[in-house]
file start30.cif (mmCIF, C-alpha atoms)
data_target
loop_
_atom_site.label_atom_id
_atom_site.label_comp_id
_atom_site.auth_asym_id
_atom_site.auth_seq_id
_atom_site.Cartn_x
_atom_site.Cartn_y
_atom_site.Cartn_z
CA MET L 8 -13.96 18.21 29.15
CA GLN L 9 -15.85 18.40 25.87
CA THR L 10 -18.54 15.73 25.53
CA SER L 11 -17.97 13.24 22.72
CA ASP L 12 -21.64 13.26 21.70
CA PRO L 13 -21.21 13.85 17.95
CA THR L 14 -24.43 15.83 17.69
CA ASN L 15 -22.91 18.49 19.98
CA LEU L 16 -19.56 18.71 18.18
CA THR L 17 -18.23 21.11 15.59
CA ILE L 18 -15.59 19.10 13.74
CA ALA L 19 -12.99 20.47 11.32
CA ILE L 20 -11.22 17.95 9.09
CA VAL L 21 -7.99 19.10 7.45
CA GLY L 22 -7.64 17.30 4.11
CA ALA L 23 -10.17 15.77 1.72
CA GLY L 24 -8.24 12.66 0.75
CA TYR L 25 -9.29 9.12 1.62
CA ALA L 26 -8.94 9.58 5.37
CA GLY L 27 -10.63 12.97 5.54
CA ALA L 28 -13.51 12.08 3.22
CA ALA L 29 -14.12 8.75 4.98
CA ALA L 30 -14.08 10.41 8.40
CA ALA L 31 -16.50 13.06 7.13
CA ARG L 32 -18.87 10.36 5.92
CA ALA L 33 -18.73 8.35 9.14
CA LEU L 34 -19.08 11.37 11.46
CA SER L 35 -21.81 13.11 9.47
CA LEU L 36 -23.89 9.94 9.74
CA LEU L 37 -23.61 10.32 13.53
CA GLY L 38 -25.05 13.82 13.32
CA ALA L 39 -21.88 15.83 13.83
CA ASN L 40 -21.42 19.29 12.35
CA VAL L 41 -18.53 18.50 10.00
CA THR L 42 -16.56 20.73 7.64
CA VAL L 43 -13.66 19.49 5.51
CA TYR L 44 -10.93 21.96 4.54
CA GLU L 45 -8.92 20.98 1.45
CA GLN L 46 -5.93 22.94 0.19
CA ALA L 47 -6.37 22.04 -3.49
CA PRO L 48 -8.64 24.14 -5.73
CA GLU L 49 -10.28 20.94 -7.00
CA ILE L 50 -10.51 17.30 -5.94
CA ARG L 51 -8.28 15.36 -8.28
CA GLU L 52 -6.57 12.02 -7.72
CA VAL L 53 -3.88 10.84 -10.11
CA GLY L 54 -1.92 7.65 -10.17
CA ALA L 55 -3.13 4.12 -10.24
CA GLY L 56 -5.40 1.44 -8.87
CA ILE L 57 -5.74 0.22 -5.30
CA GLY L 58 -7.43 -2.69 -3.56
CA LEU L 59 -10.15 -2.07 -0.99
CA ARG L 60 -9.98 -4.95 1.46
CA PRO L 61 -13.01 -6.81 2.87
CA SER L 62 -12.74 -4.89 6.16
CA SER L 63 -12.98 -1.59 4.28
CA MET L 64 -15.90 -2.83 2.22
CA GLU L 65 -17.72 -3.73 5.43
CA ARG L 66 -17.30 -0.14 6.62
CA PHE L 67 -18.74 1.09 3.32
CA ARG L 68 -21.75 -1.15 3.91
CA GLU L 69 -22.23 0.42 7.36
CA TRP L 70 -21.97 3.89 5.82
CA GLY L 71 -24.48 3.13 3.04
CA ILE L 72 -22.05 3.47 0.12
CA PHE L 73 -21.15 -0.17 -0.59
CA ASP L 74 -23.18 -0.26 -3.81
CA ASP L 75 -21.69 3.03 -5.01
CA ILE L 76 -18.16 1.67 -4.49
CA ALA L 77 -19.07 -1.67 -6.09
CA LYS L 78 -20.30 0.08 -9.24
CA VAL L 79 -16.86 1.52 -9.94
CA SER L 80 -14.72 -1.42 -8.82
CA SER L 81 -14.10 -5.07 -9.60
CA PRO L 82 -14.17 -7.86 -6.97
CA SER L 83 -10.96 -9.88 -6.72
CA ASP L 84 -10.80 -13.41 -5.30
CA TYR L 85 -7.06 -13.68 -4.64
CA PHE L 86 -3.61 -12.21 -5.17
CA GLU L 87 -0.63 -13.97 -6.71
CA ILE L 88 3.12 -13.40 -6.42
CA LEU L 89 5.48 -14.64 -9.12
CA THR L 90 9.15 -14.43 -9.99
CA ALA L 91 10.31 -11.94 -12.61
CA THR L 92 9.87 -14.58 -15.29
CA GLY L 93 6.50 -15.83 -14.11
CA GLU L 94 7.19 -18.85 -11.89
CA PRO L 95 4.66 -19.04 -9.01
CA ILE L 96 5.85 -18.09 -5.52
CA MET L 97 2.61 -17.60 -3.61
CA LYS L 98 -1.12 -17.49 -4.23
CA ASP L 99 -3.65 -16.72 -1.52
CA THR L 100 -7.18 -15.52 -0.96
CA TRP L 101 -7.76 -12.12 0.62
CA PRO L 102 -8.31 -12.10 4.41
CA ALA L 103 -12.09 -12.24 4.86
CA HIS L 104 -14.00 -9.91 7.16
CA GLY L 105 -17.41 -11.19 8.19
CA ASP L 106 -19.42 -11.83 5.04
CA GLN L 107 -16.98 -9.83 2.92
CA LYS L 108 -14.48 -12.03 1.07
CA HIS L 109 -13.46 -9.95 -1.94
CA THR L 110 -10.98 -7.14 -2.28
CA HIS L 111 -12.44 -4.57 -4.66
CA LEU L 112 -9.97 -3.18 -7.19
CA ILE L 113 -10.62 0.47 -7.97
CA HIS L 114 -9.00 3.48 -9.60
CA ARG L 115 -7.89 6.07 -7.05
CA GLY L 116 -9.86 8.79 -8.86
CA ASP L 117 -13.08 6.76 -8.88
CA PHE L 118 -12.64 6.03 -5.20
CA ILE L 119 -12.19 9.60 -4.01
CA ASP L 120 -14.94 10.84 -6.36
CA THR L 121 -17.36 8.32 -4.83
CA LEU L 122 -16.41 9.25 -1.27
CA ILE L 123 -16.75 12.98 -1.92
CA ALA L 124 -20.08 12.50 -3.73
CA SER L 125 -21.46 10.79 -0.59
CA LEU L 126 -20.96 13.95 1.49
CA PRO L 127 -23.59 16.68 1.89
CA ASP L 128 -23.27 19.65 -0.44
CA GLY L 129 -21.06 22.37 0.96
CA MET L 130 -19.28 20.15 3.49
CA VAL L 131 -15.97 20.32 1.60
CA LYS L 132 -14.30 23.75 1.38
CA LEU L 133 -11.65 23.89 -1.35
CA GLY L 134 -8.71 26.29 -1.52
CA HIS L 135 -8.02 26.18 2.23
CA ARG L 136 -4.31 25.55 2.90
CA LEU L 137 -3.62 25.27 6.62
CA GLU L 138 -1.09 27.79 7.90
CA ARG L 139 -1.38 27.43 11.67
CA ILE L 140 -3.20 25.38 14.28
CA GLU L 141 -3.59 26.53 17.89
CA ASP L 142 -4.61 23.88 20.39
CA HIS L 143 -6.56 25.33 23.34
CA SER L 144 -7.12 21.93 24.99
CA ASP L 145 -10.93 21.75 24.73
CA ARG L 146 -11.06 23.36 21.27
CA SER L 147 -8.67 24.49 18.52
CA THR L 148 -8.29 27.36 16.08
CA LEU L 149 -7.29 26.84 12.46
CA THR L 150 -5.86 29.65 10.35
CA PHE L 151 -5.59 29.21 6.59
CA THR L 152 -3.39 31.00 4.08
CA ASN L 153 -6.48 32.57 2.44
CA GLY L 154 -7.12 34.51 5.66
CA THR L 155 -9.94 32.32 6.97
CA SER L 156 -9.90 31.37 10.65
CA VAL L 157 -12.21 28.80 12.26
CA ASP L 158 -12.73 27.29 15.71
CA ALA L 159 -13.63 23.64 16.26
CA ASP L 160 -14.36 21.33 19.18
CA LEU L 161 -12.41 18.61 17.37
CA VAL L 162 -9.79 18.91 14.62
CA ILE L 163 -8.93 15.84 12.57
CA GLY L 164 -5.57 16.09 10.82
CA ALA L 165 -6.01 14.10 7.62
CA ASP L 166 -3.46 16.14 5.69
CA GLY L 167 -1.17 13.37 4.52
CA ILE L 168 2.50 12.48 4.74
CA LYS L 169 3.55 16.15 4.87
CA SER L 170 0.94 16.95 7.54
CA VAL L 171 0.99 20.51 8.90
CA VAL L 172 -1.08 19.38 11.90
CA ARG L 173 1.47 16.67 12.75
CA GLU L 174 4.45 18.98 12.30
CA GLN L 175 3.04 21.79 14.43
CA LEU L 176 1.60 19.73 17.30
CA PHE L 177 3.01 16.22 17.43
CA SER L 178 6.25 15.55 15.55
CA ALA L 179 8.73 17.52 13.46
CA ALA L 180 10.18 14.31 11.99
CA GLU L 181 10.49 14.42 8.21
CA PRO L 182 9.23 11.81 5.73
CA VAL L 183 11.72 8.96 5.21
CA PHE L 184 12.97 7.96 1.76
CA SER L 185 12.66 4.23 1.11
CA GLY L 186 15.42 3.92 -1.47
CA GLU L 187 12.80 3.17 -4.10
CA ARG L 188 11.01 4.91 -6.93
CA ALA L 189 7.54 4.09 -8.29
CA TYR L 190 6.37 4.35 -11.90
CA ARG L 191 2.59 4.12 -12.25
CA ALA L 192 0.29 4.20 -15.26
CA VAL L 193 -3.24 3.12 -16.10
CA ILE L 194 -3.41 1.48 -19.53
CA ASP L 195 -6.01 -0.28 -21.65
CA VAL L 196 -6.28 -4.03 -21.12
CA ALA L 197 -5.56 -4.40 -24.85
CA ASP L 198 -2.11 -2.93 -24.20
CA ALA L 199 -1.29 -5.46 -21.46
CA HIS L 200 -0.06 -8.12 -23.93
CA GLY L 201 -2.45 -10.78 -22.61
CA MET L 202 -1.24 -10.58 -19.02
CA VAL L 203 -4.65 -9.61 -17.59
CA THR L 204 -7.35 -12.24 -18.00
CA ASP L 205 -9.26 -12.00 -14.71
CA ASP L 206 -9.83 -9.67 -11.74
CA ASN L 207 -6.92 -10.75 -9.56
CA LEU L 208 -3.82 -8.79 -8.54
CA ARG L 209 -0.48 -10.20 -9.65
CA MET L 210 2.95 -9.07 -8.58
CA TYR L 211 6.24 -10.06 -10.22
CA ILE L 212 9.41 -9.65 -8.17
CA GLY L 213 13.09 -9.91 -8.90
CA LYS L 214 16.40 -8.10 -8.51
CA GLY L 215 15.00 -5.39 -6.29
CA THR L 216 12.10 -4.59 -8.62
CA LYS L 217 8.41 -5.27 -8.08
CA VAL L 218 5.87 -5.07 -10.93
CA TYR L 219 2.16 -4.92 -10.03
CA LEU L 220 -0.66 -5.63 -12.48
CA LEU L 221 -3.98 -4.60 -10.92
CA PRO L 222 -7.01 -5.15 -13.20
CA LEU L 223 -9.69 -2.45 -13.46
CA ARG L 224 -12.19 -4.47 -15.50
CA HIS L 225 -15.03 -2.04 -14.92
CA ARG L 226 -12.92 0.50 -16.84
CA GLY L 227 -11.44 -1.95 -19.38
CA GLN L 228 -8.05 -0.97 -17.97
CA VAL L 229 -5.19 -2.21 -15.83
CA SER L 230 -3.04 -0.37 -13.32
CA PHE L 231 0.63 -1.03 -14.09
CA ASP L 232 3.13 -0.23 -11.34
CA ILE L 233 6.90 -0.67 -11.31
CA THR L 234 8.66 -0.12 -7.99
CA ALA L 235 12.45 -0.20 -8.31
CA LEU L 236 15.48 0.46 -6.15
CA CYS L 237 16.89 3.95 -6.63
CA PRO L 238 19.29 6.03 -4.50
CA ASP L 239 17.90 9.39 -5.72
CA PRO L 240 15.48 10.84 -3.12
CA ASP L 241 13.81 13.31 -5.50
CA TRP L 242 10.06 13.42 -4.82
CA ALA L 243 9.13 13.92 -8.48
CA PRO L 244 12.12 13.02 -10.68
CA GLN L 245 12.48 13.31 -14.44
CA VAL L 246 12.91 9.80 -15.89
CA SER L 247 13.34 8.49 -19.43
CA LYS L 248 11.78 5.42 -21.04
CA GLU L 249 15.25 3.87 -21.09
CA ASP L 250 15.52 4.31 -17.31
CA MET L 251 12.25 2.45 -16.84
CA LEU L 252 13.21 -0.33 -19.23
CA ALA L 253 16.43 -0.88 -17.29
CA THR L 254 14.42 -1.66 -14.14
CA VAL L 255 12.54 -4.52 -15.85
CA ALA L 256 15.42 -6.04 -17.79
CA GLY L 257 15.19 -9.82 -17.45
CA PHE L 258 11.48 -9.80 -16.56
CA ASP L 259 8.79 -11.63 -18.54
CA GLN L 260 9.06 -10.23 -22.07
CA ARG L 261 5.44 -9.11 -21.93
CA ILE L 262 6.28 -6.82 -18.97
CA VAL L 263 9.17 -5.41 -20.97
CA ASP L 264 6.82 -4.88 -23.93
CA ILE L 265 4.21 -3.11 -21.75
CA THR L 266 6.92 -0.80 -20.43
CA ALA L 267 8.25 -0.11 -23.92
CA GLY L 268 4.77 0.86 -25.09
CA LEU L 269 3.99 3.31 -22.28
CA ASP L 270 3.13 6.90 -23.08
CA MET L 271 5.50 8.75 -20.74
CA ASP L 272 3.02 11.62 -20.51
CA ILE L 273 0.66 9.40 -18.48
CA VAL L 274 3.29 7.81 -16.22
CA ASN L 275 3.24 9.09 -12.64
CA ILE L 276 6.81 8.98 -11.28
CA ARG L 277 7.46 9.44 -7.58
CA GLY L 278 10.06 8.78 -4.95
CA VAL L 279 8.63 6.39 -2.36
CA TYR L 280 8.41 7.74 1.19
CA ASP L 281 6.83 6.88 4.51
CA ILE L 282 7.26 8.16 8.09
CA ASP L 283 8.67 6.59 11.22
CA PRO L 284 6.00 5.62 13.77
CA ILE L 285 5.24 8.61 15.98
CA GLU L 286 4.57 8.31 19.69
CA ARG L 287 1.36 10.30 20.00
CA TRP L 288 -1.43 11.01 17.52
CA HIS L 289 -3.70 13.17 19.66
CA SER L 290 -4.22 15.88 22.25
CA ASN L 291 -7.54 16.52 23.99
CA SER L 292 -9.13 18.04 20.89
CA VAL L 293 -6.88 17.21 17.91
CA VAL L 294 -6.16 13.85 16.31
CA LEU L 295 -4.22 12.55 13.33
CA ILE L 296 -5.56 9.87 10.99
CA GLY L 297 -4.44 8.17 7.78
CA ASP L 298 -1.06 9.09 6.29
CA ALA L 299 -0.72 12.04 8.67
CA ALA L 300 -0.54 9.53 11.53
CA HIS L 301 1.14 6.52 9.94
CA SER L 302 2.11 6.91 6.29
CA MET L 303 3.41 3.54 5.10
CA LEU L 304 5.04 2.09 2.00
CA HIS L 305 2.68 0.60 -0.56
CA HIS L 306 4.06 -2.95 -0.59
CA GLN L 307 1.21 -4.28 1.57
CA GLY L 308 -1.45 -2.21 -0.20
CA GLN L 309 -2.72 -1.00 3.16
CA GLY L 310 -2.43 2.80 3.06
CA ALA L 311 -5.95 3.59 1.85
CA ASN L 312 -7.45 0.71 3.84
CA SER L 313 -5.80 1.94 7.03
CA ALA L 314 -7.28 5.38 6.42
CA ILE L 315 -10.78 3.91 6.03
CA LEU L 316 -10.43 1.80 9.17
CA ASP L 317 -9.11 4.84 11.07
CA ALA L 318 -12.21 6.80 10.10
CA GLY L 319 -14.52 4.02 11.24
CA ALA L 320 -12.69 3.47 14.52
CA LEU L 321 -12.63 7.19 15.31
CA ALA L 322 -16.38 7.48 14.74
CA ASP L 323 -16.99 4.43 16.93
CA CYS L 324 -14.87 5.85 19.75
CA LEU L 325 -16.62 9.22 19.66
CA ARG L 326 -19.98 7.46 19.75
CA ASP L 327 -19.06 5.10 22.59
CA THR L 328 -17.09 7.26 25.06
CA ASP L 329 -18.03 10.17 27.31
CA THR L 330 -15.51 12.83 26.29
CA VAL L 331 -13.58 13.79 23.20
CA ALA L 332 -10.28 13.36 25.06
CA ALA L 333 -11.21 9.81 26.10
CA ALA L 334 -12.40 9.00 22.59
CA LEU L 335 -9.12 10.11 21.02
CA ALA L 336 -7.09 8.11 23.54
CA ALA L 337 -9.22 5.03 22.85
CA PHE L 338 -8.82 5.55 19.12
CA GLN L 339 -5.03 5.61 19.31
CA ALA L 340 -4.96 2.59 21.64
CA GLN L 341 -7.03 0.63 19.15
CA ARG L 342 -5.38 1.64 15.88
CA LYS L 343 -1.72 2.42 16.60
CA PRO L 344 -0.55 -1.16 17.34
CA VAL L 345 -2.10 -2.27 14.03
CA THR L 346 -0.59 0.50 11.93
CA ASP L 347 2.81 0.28 13.66
CA GLU L 348 2.99 -3.34 12.52
CA LEU L 349 1.82 -2.52 9.01
CA GLN L 350 4.46 0.21 8.77
CA ARG L 351 7.10 -2.28 9.87
CA ILE L 352 6.03 -5.03 7.49
CA SER L 353 5.65 -2.64 4.59
CA ARG L 354 9.26 -1.52 5.03
CA GLN L 355 10.73 -4.98 4.70
CA GLY L 356 12.88 -5.08 1.57
CA TRP L 357 11.82 -8.60 0.91
CA THR L 358 13.11 -10.92 -1.76
CA GLU L 359 11.50 -14.02 -3.26
CA ASP L 360 12.69 -16.03 -0.25
CA GLU L 361 11.14 -13.60 2.22
CA VAL L 362 7.61 -13.53 0.80
CA GLN L 363 6.29 -16.18 3.16
CA ASP L 364 7.59 -14.17 6.11
CA VAL L 365 6.01 -10.91 5.00
CA PHE L 366 2.58 -11.58 3.61
CA PRO L 367 1.13 -13.77 6.40
CA GLY L 368 1.71 -10.76 8.65
CA GLN L 369 -1.30 -8.99 7.15
CA LYS L 370 -3.68 -11.79 8.03
CA PRO L 371 -5.75 -12.05 11.20
CA ALA L 372 -4.36 -14.54 13.73
CA ALA L 373 -7.26 -16.92 13.03
CA GLN L 374 -6.09 -17.23 9.44
CA GLN L 375 -2.40 -17.78 10.13
CA PRO L 376 -0.98 -21.19 9.12
CA ALA L 377 -0.95 -23.79 11.85
CA GLN L 378 2.44 -24.15 13.57
#

call {"tool": "encode", "arguments": {"input": "start30.cif", "output": "structure tokens"}}
result
Amino acid sequence: MQTSDPTNLTIAIVGAGYAGAAAARALSLLGANVTVYEQAPEIREVGAGIGLRPSSMERFREWGIFDDIAKVSSPSDYFEILTATGEPIMKDTWPAHGDQKHTHLIHRGDFIDTLIASLPDGMVKLGHRLERIEDHSDRSTLTFTNGTSVDADLVIGADGIKSVVREQLFSAAEPVFSGERAYRAVIDVADAHGMVTDDNLRMYIGKGTKVYLLPLRHRGQVSFDITALCPDPDWAPQVSKEDMLATVAGFDQRIVDITAGLDMDIVNIRGVYDIDPIERWHSNSVVLIGDAAHSMLHHQGQGANSAILDAGALADCLRDTDTVAAALAAFQAQRKPVTDELQRISRQGWTEDEVQDVFPGQKPAAQQPAQ
């Protein structure tokens, strides 16, 4: 069996998204020989803002990039859920982790840029689309469509919801359509009609539609997200302004006005998908992390955070166990129960009445309400 001593390992990471870049950071700090293979010709993240939870921020402190993340994010004290017309439903602080109490709100592009910038020059190889993976038990061979072939002691499949590594080695199950569509845009705070006055996330819900306003004060912007019921499973549909306005009919007039003022050229429109939990994430020398392992719907805001925590847990397991095979088994045992539950909770098609049932599920047991 291959030793799990990171300094003796050649590690190939497939995918330079959140999971792959975070794993590269964590493992390179342990002295591993890491190379990240990314299919895109350039690193580019579109879309909207996300919240980096206190547990993720603690990992960034361990990895020496907390200050870099903090420079391009805004600390949030709490999140608030309201009805479509603005009546309060729930307001709560973010689950603390050690000394970390704030969720940091950040643009997806700023986040991935910061992660990639923290890696040694030359670690990320662009233009490498995985064609085939061959698992030889104690090592694996990757073949890319550009003709490159590499061997590695450990392969980390961080290649997202449509993972080639997952499909070829672990599960042929297809992504699952949620029955929803997401419309996302980043706009200037001045165009938010006075709805953004602090650094806290607010979500308005009603009639099957959820509207998220996530401030990005460090940019002078706000991430505006509408998630609405839709039977069309198209991954990237063509949608009109009128279609979007129909989803927010009856909401706070300011939300309607924001939607009416959107430049459709900057709106990212996507069908919303996840995957069913899969039984096994690893072999003796290959492991899945992030969306490749447990892609989840965005209603809990835990996709990126789960990827970060996966990266940290995988590095810990490789550091603390004797063999790669044992490390990968320990990693799945630690992380899969957590992400299975997050996948389940994130799928709940909750209404105003169900909020109290859903959101406490993301909190540690010590912070659950007394029974």

call {"tool": "atom_distance", "arguments": {"input": "start30.cif", "atom1": "CA of Asn275 in chain L", "atom2": "CA of Asp239 in chain L"}}
result
16.2 Å

call {"tool": "closest_residue", "arguments": {"input": "start30.cif", "among": "L:Thr150, L:Gln260, L:Thr330, L:Ser156", "to": "Thr10 in chain L", "atoms": "all atoms listed in the file"}}
result
L:Thr330

call {"tool": "atom_distance", "arguments": {"input": "start30.cif", "atom1": "CA of Leu223 in chain L", "atom2": "CA of Ala23 in chain L"}}
result
23.7 Å

call {"tool": "closest_atom_pairs", "arguments": {"input": "start30.cif", "of": "range 117-163 of chain L", "to": "range 42-52 of chain L", "cutoff": "6 Å", "atoms": "only C-alpha atoms", "output": "JSON lines"}}
result
{"residue": "L:Met130", "atom": "CA", "partner": "L:Thr42", "partner_atom": "CA", "distance": 5.0}
{"residue": "L:Val131", "atom": "CA", "partner": "L:Val43", "partner_atom": "CA", "distance": 4.6}
{"residue": "L:Lys132", "atom": "CA", "partner": "L:Tyr44", "partner_atom": "CA", "distance": 5.0}
{"residue": "L:Leu133", "atom": "CA", "partner": "L:Glu45", "partner_atom": "CA", "distance": 4.9}
{"residue": "L:Gly134", "atom": "CA", "partner": "L:Gln46", "partner_atom": "CA", "distance": 4.7}
{"residue": "L:His135", "atom": "CA", "partner": "L:Gln46", "partner_atom": "CA", "distance": 4.4}
{"residue": "L:Arg136", "atom": "CA", "partner": "L:Gln46", "partner_atom": "CA", "distance": 4.1}

call {"tool": "closest_residue", "arguments": {"input": "start30.cif", "among": "L:Arg351, L:Arg342, L:Arg277, L:Lys214", "to": "Val246 in chain L", "atoms": "all atoms listed in the file"}}
result
L:Arg277

call {"tool": "residues_around", "arguments": {"input": "start30.cif", "residues": "Ser290 in chain L", "least_positions_apart": "6", "cutoff": "8 Å", "atoms": "all atoms listed in the file", "output": "ChimeraX atom specification"}}
result
/L:144,332,335

call {"tool": "resolve_selection", "arguments": {"input": "start30.cif", "expression": "the PyMOL selection byres ((chain L and resi 93-95) around 12)", "output": "JSON list (two decimals) with C-alpha atoms, in the frame of the given file"}}
result
[["chain", "number", "residue", "atom", "x", "y", "z"],
["L", 86, "PHE", "CA", -3.61, -12.21, -5.17],
["L", 87, "GLU", "CA", -0.63, -13.97, -6.71],
["L", 88, "ILE", "CA", 3.12, -13.40, -6.42],
["L", 89, "LEU", "CA", 5.48, -14.64, -9.12],
["L", 90, "THR", "CA", 9.15, -14.43, -9.99],
["L", 91, "ALA", "CA", 10.31, -11.94, -12.61],
["L", 92, "THR", "CA", 9.87, -14.58, -15.29],
["L", 96, "ILE", "CA", 5.85, -18.09, -5.52],
["L", 97, "MET", "CA", 2.61, -17.60, -3.61],
["L", 98, "LYS", "CA", -1.12, -17.49, -4.23],
["L", 99, "ASP", "CA", -3.65, -16.72, -1.52],
["L", 202, "MET", "CA", -1.24, -10.58, -19.02],
["L", 209, "ARG", "CA", -0.48, -10.20, -9.65],
["L", 210, "MET", "CA", 2.95, -9.07, -8.58],
["L", 211, "TYR", "CA", 6.24, -10.06, -10.22],
["L", 212, "ILE", "CA", 9.41, -9.65, -8.17],
["L", 213, "GLY", "CA", 13.09, -9.91, -8.90],
["L", 218, "VAL", "CA", 5.87, -5.07, -10.93],
["L", 257, "GLY", "CA", 15.19, -9.82, -17.45],
["L", 258, "PHE", "CA", 11.48, -9.80, -16.56],
["L", 259, "ASP", "CA", 8.79, -11.63, -18.54],
["L", 260, "GLN", "CA", 9.06, -10.23, -22.07],
["L", 261, "ARG", "CA", 5.44, -9.11, -21.93],
["L", 262, "ILE", "CA", 6.28, -6.82, -18.97],
["L", 359, "GLU", "CA", 11.50, -14.02, -3.26],
["L", 362, "VAL", "CA", 7.61, -13.53, 0.80]]

call {"tool": "atom_distance", "arguments": {"input": "start30.cif", "atom1": "CA of Asp317 in chain L", "atom2": "CA of His104 in chain L"}}
result
16.0 Å

call {"tool": "residues_around", "arguments": {"input": "start30.cif", "residues": "Ser247 in chain L", "least_positions_apart": "2", "cutoff": "12 Å", "atoms": "only C-alpha atoms", "output": "ChimeraX atom specification"}}
result
/L:190,244-245,249-254,266-267,269-272,274,276

call {"tool": "write_last_selection", "arguments": {"input": "start30.cif", "atoms": "C-alpha atoms", "output": "PDB file, in the coordinates of the input"}}
result
ATOM      1  CA  TYR L 190       6.370   4.350 -11.900  1.00  0.00           C
ATOM      2  CA  PRO L 244      12.120  13.020 -10.680  1.00  0.00           C
ATOM      3  CA  GLN L 245      12.480  13.310 -14.440  1.00  0.00           C
ATOM      4  CA  GLU L 249      15.250   3.870 -21.090  1.00  0.00           C
ATOM      5  CA  ASP L 250      15.520   4.310 -17.310  1.00  0.00           C
ATOM      6  CA  MET L 251      12.250   2.450 -16.840  1.00  0.00           C
ATOM      7  CA  LEU L 252      13.210  -0.330 -19.230  1.00  0.00           C
ATOM      8  CA  ALA L 253      16.430  -0.880 -17.290  1.00  0.00           C
ATOM      9  CA  THR L 254      14.420  -1.660 -14.140  1.00  0.00           C
ATOM     10  CA  THR L 266       6.920  -0.800 -20.430  1.00  0.00           C
ATOM     11  CA  ALA L 267       8.250  -0.110 -23.920  1.00  0.00           C
ATOM     12  CA  LEU L 269       3.990   3.310 -22.280  1.00  0.00           C
ATOM     13  CA  ASP L 270       3.130   6.900 -23.080  1.00  0.00           C
ATOM     14  CA  MET L 271       5.500   8.750 -20.740  1.00  0.00           C
ATOM     15  CA  ASP L 272       3.020  11.620 -20.510  1.00  0.00           C
ATOM     16  CA  VAL L 274       3.290   7.810 -16.220  1.00  0.00           C
ATOM     17  CA  ILE L 276       6.810   8.980 -11.280  1.00  0.00           C
TER      18      ILE L 276
END

call {"tool": "resolve_selection", "arguments": {"input": "start30.cif", "expression": "the PyMOL selection byres ((chain L and resi 340) around 12)", "output": "VMD selection string"}}
result
chain L and resid 286 to 289 317 320 to 321 324 333 to 339 341 to 347

call {"tool": "write_last_selection", "arguments": {"input": "start30.cif", "atoms": "C-alpha atoms", "output": "PDB file, in the frame of the given file"}}
result
ATOM      1  CA  GLU L 286       4.570   8.310  19.690  1.00  0.00           C
ATOM      2  CA  ARG L 287       1.360  10.300  20.000  1.00  0.00           C
ATOM      3  CA  TRP L 288      -1.430  11.010  17.520  1.00  0.00           C
ATOM      4  CA  HIS L 289      -3.700  13.170  19.660  1.00  0.00           C
ATOM      5  CA  ASP L 317      -9.110   4.840  11.070  1.00  0.00           C
ATOM      6  CA  ALA L 320     -12.690   3.470  14.520  1.00  0.00           C
ATOM      7  CA  LEU L 321     -12.630   7.190  15.310  1.00  0.00           C
ATOM      8  CA  CYS L 324     -14.870   5.850  19.750  1.00  0.00           C
ATOM      9  CA  ALA L 333     -11.210   9.810  26.100  1.00  0.00           C
ATOM     10  CA  ALA L 334     -12.400   9.000  22.590  1.00  0.00           C
ATOM     11  CA  LEU L 335      -9.120  10.110  21.020  1.00  0.00           C
ATOM     12  CA  ALA L 336      -7.090   8.110  23.540  1.00  0.00           C
ATOM     13  CA  ALA L 337      -9.220   5.030  22.850  1.00  0.00           C
ATOM     14  CA  PHE L 338      -8.820   5.550  19.120  1.00  0.00           C
ATOM     15  CA  GLN L 339      -5.030   5.610  19.310  1.00  0.00           C
ATOM     16  CA  GLN L 341      -7.030   0.630  19.150  1.00  0.00           C
ATOM     17  CA  ARG L 342      -5.380   1.640  15.880  1.00  0.00           C
ATOM     18  CA  LYS L 343      -1.720   2.420  16.600  1.00  0.00           C
ATOM     19  CA  PRO L 344      -0.550  -1.160  17.340  1.00  0.00           C
ATOM     20  CA  VAL L 345      -2.100  -2.270  14.030  1.00  0.00           C
ATOM     21  CA  THR L 346      -0.590   0.500  11.930  1.00  0.00           C
ATOM     22  CA  ASP L 347       2.810   0.280  13.660  1.00  0.00           C
TER      23      ASP L 347
END

call {"tool": "resolve_selection", "arguments": {"input": "start30.cif", "expression": "the PyMOL selection byres ((chain L and resi 158) around 9)", "output": "list in words"}}
result
Thr17, Ile18, Ala19, Arg146, Ser147, Thr148, Leu149, Ser156, Val157, Ala159, Asp160, Leu161 and Val162 of chain L

call {"tool": "residues_around", "arguments": {"input": "start30.cif", "residues": "Arg68 in chain L", "least_positions_apart": "5", "cutoff": "12 Å", "atoms": "only C-alpha atoms", "output": "number ranges by chain"}}
result
L: 33, 61-63, 73-77, 105-107, 319

call {"tool": "write_last_selection", "arguments": {"input": "start30.cif", "atoms": "C-alpha atoms", "output": "PDB file, in the frame of the given file"}}
result
ATOM      1  CA  ALA L  33     -18.730   8.350   9.140  1.00  0.00           C
ATOM      2  CA  PRO L  61     -13.010  -6.810   2.870  1.00  0.00           C
ATOM      3  CA  SER L  62     -12.740  -4.890   6.160  1.00  0.00           C
ATOM      4  CA  SER L  63     -12.980  -1.590   4.280  1.00  0.00           C
ATOM      5  CA  PHE L  73     -21.150  -0.170  -0.590  1.00  0.00           C
ATOM      6  CA  ASP L  74     -23.180  -0.260  -3.810  1.00  0.00           C
ATOM      7  CA  ASP L  75     -21.690   3.030  -5.010  1.00  0.00           C
ATOM      8  CA  ILE L  76     -18.160   1.670  -4.490  1.00  0.00           C
ATOM      9  CA  ALA L  77     -19.070  -1.670  -6.090  1.00  0.00           C
ATOM     10  CA  GLY L 105     -17.410 -11.190   8.190  1.00  0.00           C
ATOM     11  CA  ASP L 106     -19.420 -11.830   5.040  1.00  0.00           C
ATOM     12  CA  GLN L 107     -16.980  -9.830   2.920  1.00  0.00           C
ATOM     13  CA  GLY L 319     -14.520   4.020  11.240  1.00  0.00           C
TER      14      GLY L 319
END
